[in-house]
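A.B. asks: Pasting in a structure now, in structure tokens, and then I'll have a few things to ask.
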Amino acid sequence: MDRIDRAIIACLQYDGRMPYTQIAAELNISEGTVRRRVKQLTDDGVLQVVAVVEPKVLGWNAAGMIGVTVQAGQIDDVARQIAQFPEVSYLFMASGEFDLLVEVFCRDQEHFVSFLNQRLQQVHGVERTQTFMILKMYKLSYRWGEAEPPTAHAPAA
């Protein structure tokens, strides 16, 4: 990835539907270059353009982060099982008190309790969980890395 790829990604992080012609104009490159690079980044698994929706608008009103302690040597197996649950939006291995941290969105508190007790805690290898309910979300963003919007007509690399 070079500077142009990173600039294209930055544009798409601010507006995933930004026309290639606009990206090209902002970066002072051709539309064909943008189209070709976006296709290559997508084919290589570097870039995925998706819609991000406020969960509450879709009726998912119970959200939480769950710390999971896993039996020794079971992290990958447990993570694979947890990743299959549709309620799980984010899952990662962490250092510190918990082996895995799981972000969960459920319809309501009853759904959350059912997910926690009947699904997550029943995964073979899960030793214990600790739940942190999300009371208020101040920021939901998937912009990182080169997420600053490019300046108009940046010089091509």
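Chains: A, B, ... in order of the structure tokens. Residues: from 1 per chain. Ligands: from 1, in order shown.
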Give me, as JSON, numbers by chain, all polymer residues having an atom no more than 8 Å from range 29-39 of chain A, counting only C-alpha atoms and skipping those fewer than 4 positions away in the same chain.
C.D. replies: {"A": [5, 8, 20, 21, 23, 24, 25, 43, 47, 156]}
A.B. asks: Please run DSSP on the backbone and report, as a PyMOL selection string, all residues within chain A that come out as strand (DSSP E or B).
C.D. replies: chain A and resi 62-70+88-93+100-106+126-133
A.B. asks: Can you pull out every residue within 12 Å of Val78 in chain A, counting only C-alpha atoms, but drop anything in the same chain fewer than 5 positions away, and send it as a PDB file with C-alpha atoms, in the first residue's frame?
C.D. replies:
```pdb
ATOM      1  CA  VAL A  68     -14.383 -13.640  28.848  1.00  0.00           C
ATOM      2  CA  THR A  69     -11.885 -15.812  30.700  1.00  0.00           C
ATOM      3  CA  VAL A  70     -11.059 -18.974  28.743  1.00  0.00           C
ATOM      4  CA  GLN A  71      -9.510 -22.300  29.734  1.00  0.00           C
ATOM      5  CA  ALA A  72      -5.808 -22.515  28.878  1.00  0.00           C
ATOM      6  CA  GLY A  73      -5.158 -23.477  25.273  1.00  0.00           C
ATOM      7  CA  ALA A  83     -17.715 -15.243  16.413  1.00  0.00           C
ATOM      8  CA  GLN A  84     -20.626 -17.251  14.956  1.00  0.00           C
ATOM      9  CA  PHE A  85     -23.233 -15.603  17.195  1.00  0.00           C
ATOM     10  CA  LEU A  91     -14.510  -9.877  19.203  1.00  0.00           C
ATOM     11  CA  PHE A  92     -10.837  -9.703  20.036  1.00  0.00           C
ATOM     12  CA  MET A  93      -8.135 -11.340  22.131  1.00  0.00           C
ATOM     13  CA  ASP A  99      -8.657 -13.399  27.363  1.00  0.00           C
ATOM     14  CA  LEU A 100     -11.399 -12.177  25.014  1.00  0.00           C
ATOM     15  CA  LEU A 101     -13.514  -9.047  24.837  1.00  0.00           C
ATOM     16  CA  VAL A 102     -16.872  -9.327  23.106  1.00  0.00           C
ATOM     17  CA  ARG A 119     -25.300 -19.182  24.550  1.00  0.00           C
ATOM     18  CA  LEU A 120     -22.081 -17.437  25.566  1.00  0.00           C
ATOM     19  CA  GLN A 121     -21.608 -19.100  28.946  1.00  0.00           C
ATOM     20  CA  GLN A 122     -22.441 -22.493  27.412  1.00  0.00           C
ATOM     21  CA  VAL A 123     -19.496 -22.374  24.979  1.00  0.00           C
ATOM     22  CA  HIS A 124     -17.063 -25.148  25.882  1.00  0.00           C
ATOM     23  CA  GLY A 125     -13.921 -23.548  27.300  1.00  0.00           C
ATOM     24  CA  VAL A 126     -15.533 -20.406  28.733  1.00  0.00           C
ATOM     25  CA  GLU A 127     -14.610 -20.261  32.427  1.00  0.00           C
TER      26      GLU A 127
END
```
A.B. asks: Would you list the contacts of Cys106 in chain A as an MDAnalysis selection string, taking every protein, DNA or RNA residue within 6 Å and counting only C-alpha atoms, but skipping same-chain residues closer than 3 positions in sequence?
C.D. replies: chainID A and resid 60 62 111:112
A.B. asks: Report as a short mmCIF file (atom, residue, chain, number, x, y, z; two decimals) with N, CA and C atoms, in the first residue's frame all protein, DNA and RNA residues lying within 7 Å of Ile134 in chain A, evaluated on only C-alpha atoms, omitting residues in the same chain fewer than 3 positions from it.
C.D. replies:
```
data_model
loop_
_atom_site.label_atom_id
_atom_site.label_comp_id
_atom_site.auth_asym_id
_atom_site.auth_seq_id
_atom_site.Cartn_x
_atom_site.Cartn_y
_atom_site.Cartn_z
N ALA A 63 -26.88 -3.19 24.73
CA ALA A 63 -25.52 -3.40 24.25
C ALA A 63 -24.58 -3.54 25.43
N GLY A 64 -23.53 -4.30 25.23
CA GLY A 64 -22.55 -4.47 26.30
C GLY A 64 -21.23 -4.99 25.79
N MET A 137 -23.74 5.66 24.39
CA MET A 137 -22.64 5.64 23.44
C MET A 137 -22.32 7.06 23.01
#
```
A.B. asks: Could you tell me how far CA of Gly45 in chain A lies from CA of Gln22 in chain A, in Å and to one decimal?
C.D. replies: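 Atom-to-atom, CA of Gly45 in chain A and CA of Gln22 in chain A are spaced 23.3 Å apart.
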A.B. asks: Could you tell me how far CA of Ile66 in chain A sits from CA of Thr129 in chain A, in Å to one decimal place?
C.D. replies: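 That distance, rounded to one decimal, is 6.5 Å.
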A.B. asks: Pick out the residues sitting within 12 Å of Leu58 in chain A, and hand them over as number ranges by chain; count only C-alpha atoms, and ignore anything fewer than 4 positions along from it in its own chain.
C.D. replies: A: 52-54, 62, 105-108
A.B. asks: How many Å lie between CA of Gln13 in chain A and CA of Leu135 in chain A, rounded to one decimal?
C.D. replies: 26.5 Å
A.B. asks: So which one's closest to Ser141 in chain A, A:Val46, A:Met18, A:Val88, A:Ala51? Using only C-alpha atoms, please.
C.D. replies: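 For Ser141 in chain A, the nearest of the candidates is A:Ala51.
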A.B. asks: Would you list, as a PyMOL selection string, the residues of range 21-130 of chain A that end up in helix (DSSP H, G or I) under DSSP run on this structure's backbone?
C.D. replies: chain A and resi 21-27+31-43+55-58+75-83+109-122
A.B. asks: Restricting the output to N, CA and C atoms, write the selected residues as a short mmCIF file (atom, residue, chain, number, x, y, z; two decimals), in the first residue's frame.
C.D. replies:
```cif
data_model
loop_
_atom_site.label_atom_id
_atom_site.label_comp_id
_atom_site.auth_asym_id
_atom_site.auth_seq_id
_atom_site.Cartn_x
_atom_site.Cartn_y
_atom_site.Cartn_z
N THR A 21 -15.09 9.59 -9.26
CA THR A 21 -14.70 10.84 -9.93
C THR A 21 -14.33 11.91 -8.90
N GLN A 22 -15.06 11.95 -7.79
CA GLN A 22 -14.76 12.93 -6.74
C GLN A 22 -13.45 12.58 -6.04
N ILE A 23 -13.24 11.30 -5.75
CA ILE A 23 -11.98 10.88 -5.12
C ILE A 23 -10.82 11.25 -6.04
N ALA A 24 -10.98 10.94 -7.33
CA ALA A 24 -9.93 11.24 -8.30
C ALA A 24 -9.61 12.74 -8.32
N ALA A 25 -10.66 13.57 -8.32
CA ALA A 25 -10.45 15.02 -8.35
C ALA A 25 -9.74 15.49 -7.08
N GLU A 26 -10.14 14.96 -5.94
CA GLU A 26 -9.53 15.38 -4.68
C GLU A 26 -8.07 14.97 -4.59
N LEU A 27 -7.73 13.84 -5.19
CA LEU A 27 -6.37 13.33 -5.10
C LEU A 27 -5.51 13.65 -6.32
N GLU A 31 -9.83 8.72 -12.60
CA GLU A 31 -10.90 7.86 -12.07
C GLU A 31 -10.53 6.39 -12.25
N GLY A 32 -9.91 6.06 -13.37
CA GLY A 32 -9.49 4.67 -13.62
C GLY A 32 -8.51 4.18 -12.57
N THR A 33 -7.62 5.05 -12.13
CA THR A 33 -6.67 4.69 -11.08
C THR A 33 -7.41 4.39 -9.78
N VAL A 34 -8.38 5.24 -9.45
CA VAL A 34 -9.17 5.02 -8.23
C VAL A 34 -9.92 3.69 -8.34
N ARG A 35 -10.61 3.48 -9.44
CA ARG A 35 -11.40 2.27 -9.64
C ARG A 35 -10.52 1.02 -9.53
N ARG A 36 -9.39 1.04 -10.20
CA ARG A 36 -8.47 -0.11 -10.20
C ARG A 36 -7.93 -0.38 -8.78
N ARG A 37 -7.54 0.69 -8.10
CA ARG A 37 -6.97 0.51 -6.76
C ARG A 37 -8.03 0.04 -5.75
N VAL A 38 -9.24 0.59 -5.83
CA VAL A 38 -10.31 0.14 -4.91
C VAL A 38 -10.60 -1.34 -5.15
N LYS A 39 -10.67 -1.75 -6.41
CA LYS A 39 -10.90 -3.16 -6.72
C LYS A 39 -9.79 -4.03 -6.15
N GLN A 40 -8.53 -3.61 -6.33
CA GLN A 40 -7.41 -4.39 -5.83
C GLN A 40 -7.41 -4.46 -4.30
N LEU A 41 -7.68 -3.33 -3.64
CA LEU A 41 -7.74 -3.30 -2.18
C LEU A 41 -8.86 -4.20 -1.66
N THR A 42 -9.98 -4.20 -2.37
CA THR A 42 -11.11 -5.05 -1.99
C THR A 42 -10.78 -6.52 -2.23
N ASP A 43 -10.24 -6.83 -3.40
CA ASP A 43 -9.87 -8.22 -3.72
C ASP A 43 -8.82 -8.77 -2.75
N PRO A 55 -27.20 1.28 16.18
CA PRO A 55 -27.92 0.06 16.56
C PRO A 55 -29.33 0.32 17.11
N LYS A 56 -29.50 1.37 17.89
CA LYS A 56 -30.83 1.64 18.49
C LYS A 56 -31.88 1.93 17.43
N VAL A 57 -31.49 2.50 16.31
CA VAL A 57 -32.44 2.79 15.24
C VAL A 57 -33.03 1.49 14.70
N LEU A 58 -32.25 0.42 14.73
CA LEU A 58 -32.72 -0.88 14.25
C LEU A 58 -33.38 -1.71 15.34
N ILE A 75 -8.36 -20.60 23.57
CA ILE A 75 -8.79 -19.27 23.09
C ILE A 75 -9.26 -19.30 21.64
N ASP A 76 -8.48 -19.89 20.75
CA ASP A 76 -8.88 -19.88 19.33
C ASP A 76 -10.18 -20.62 19.09
N ASP A 77 -10.35 -21.78 19.72
CA ASP A 77 -11.59 -22.56 19.56
C ASP A 77 -12.79 -21.80 20.11
N VAL A 78 -12.63 -21.22 21.28
CA VAL A 78 -13.72 -20.46 21.90
C VAL A 78 -14.05 -19.24 21.04
N ALA A 79 -13.03 -18.54 20.57
CA ALA A 79 -13.26 -17.35 19.74
C ALA A 79 -14.01 -17.72 18.46
N ARG A 80 -13.65 -18.82 17.83
CA ARG A 80 -14.35 -19.25 16.61
C ARG A 80 -15.84 -19.49 16.87
N GLN A 81 -16.15 -20.09 18.01
CA GLN A 81 -17.56 -20.35 18.34
C GLN A 81 -18.31 -19.05 18.64
N ILE A 82 -17.68 -18.18 19.42
CA ILE A 82 -18.33 -16.91 19.78
C ILE A 82 -18.56 -16.05 18.54
N ALA A 83 -17.61 -16.06 17.63
CA ALA A 83 -17.72 -15.24 16.41
C ALA A 83 -18.93 -15.61 15.57
N GLN A 109 -33.10 -6.22 27.14
CA GLN A 109 -32.39 -6.83 28.26
C GLN A 109 -32.67 -8.33 28.36
N GLU A 110 -33.90 -8.74 28.10
CA GLU A 110 -34.24 -10.16 28.14
C GLU A 110 -33.42 -10.95 27.11
N HIS A 111 -33.31 -10.43 25.92
CA HIS A 111 -32.50 -11.06 24.87
C HIS A 111 -31.03 -11.13 25.32
N PHE A 112 -30.54 -10.03 25.94
CA PHE A 112 -29.15 -10.00 26.40
C PHE A 112 -28.90 -11.08 27.44
N VAL A 113 -29.80 -11.19 28.42
CA VAL A 113 -29.65 -12.20 29.47
C VAL A 113 -29.69 -13.60 28.88
N SER A 114 -30.60 -13.83 27.95
CA SER A 114 -30.68 -15.13 27.28
C SER A 114 -29.40 -15.43 26.52
N PHE A 115 -28.89 -14.45 25.78
CA PHE A 115 -27.63 -14.64 25.05
C PHE A 115 -26.52 -15.00 26.01
N LEU A 116 -26.40 -14.26 27.09
CA LEU A 116 -25.32 -14.47 28.05
C LEU A 116 -25.40 -15.85 28.70
N ASN A 117 -26.59 -16.20 29.21
CA ASN A 117 -26.73 -17.45 29.97
C ASN A 117 -26.89 -18.70 29.10
N GLN A 118 -27.62 -18.59 28.02
CA GLN A 118 -27.93 -19.78 27.21
C GLN A 118 -26.96 -20.02 26.06
N ARG A 119 -26.19 -19.01 25.69
CA ARG A 119 -25.30 -19.18 24.55
C ARG A 119 -23.84 -18.98 24.94
N LEU A 120 -23.49 -17.75 25.32
CA LEU A 120 -22.08 -17.44 25.57
C LEU A 120 -21.48 -18.29 26.68
N GLN A 121 -22.16 -18.35 27.81
CA GLN A 121 -21.61 -19.10 28.95
C GLN A 121 -21.67 -20.61 28.75
N GLN A 122 -22.37 -21.06 27.71
CA GLN A 122 -22.44 -22.49 27.41
C GLN A 122 -21.35 -22.95 26.43
#
```
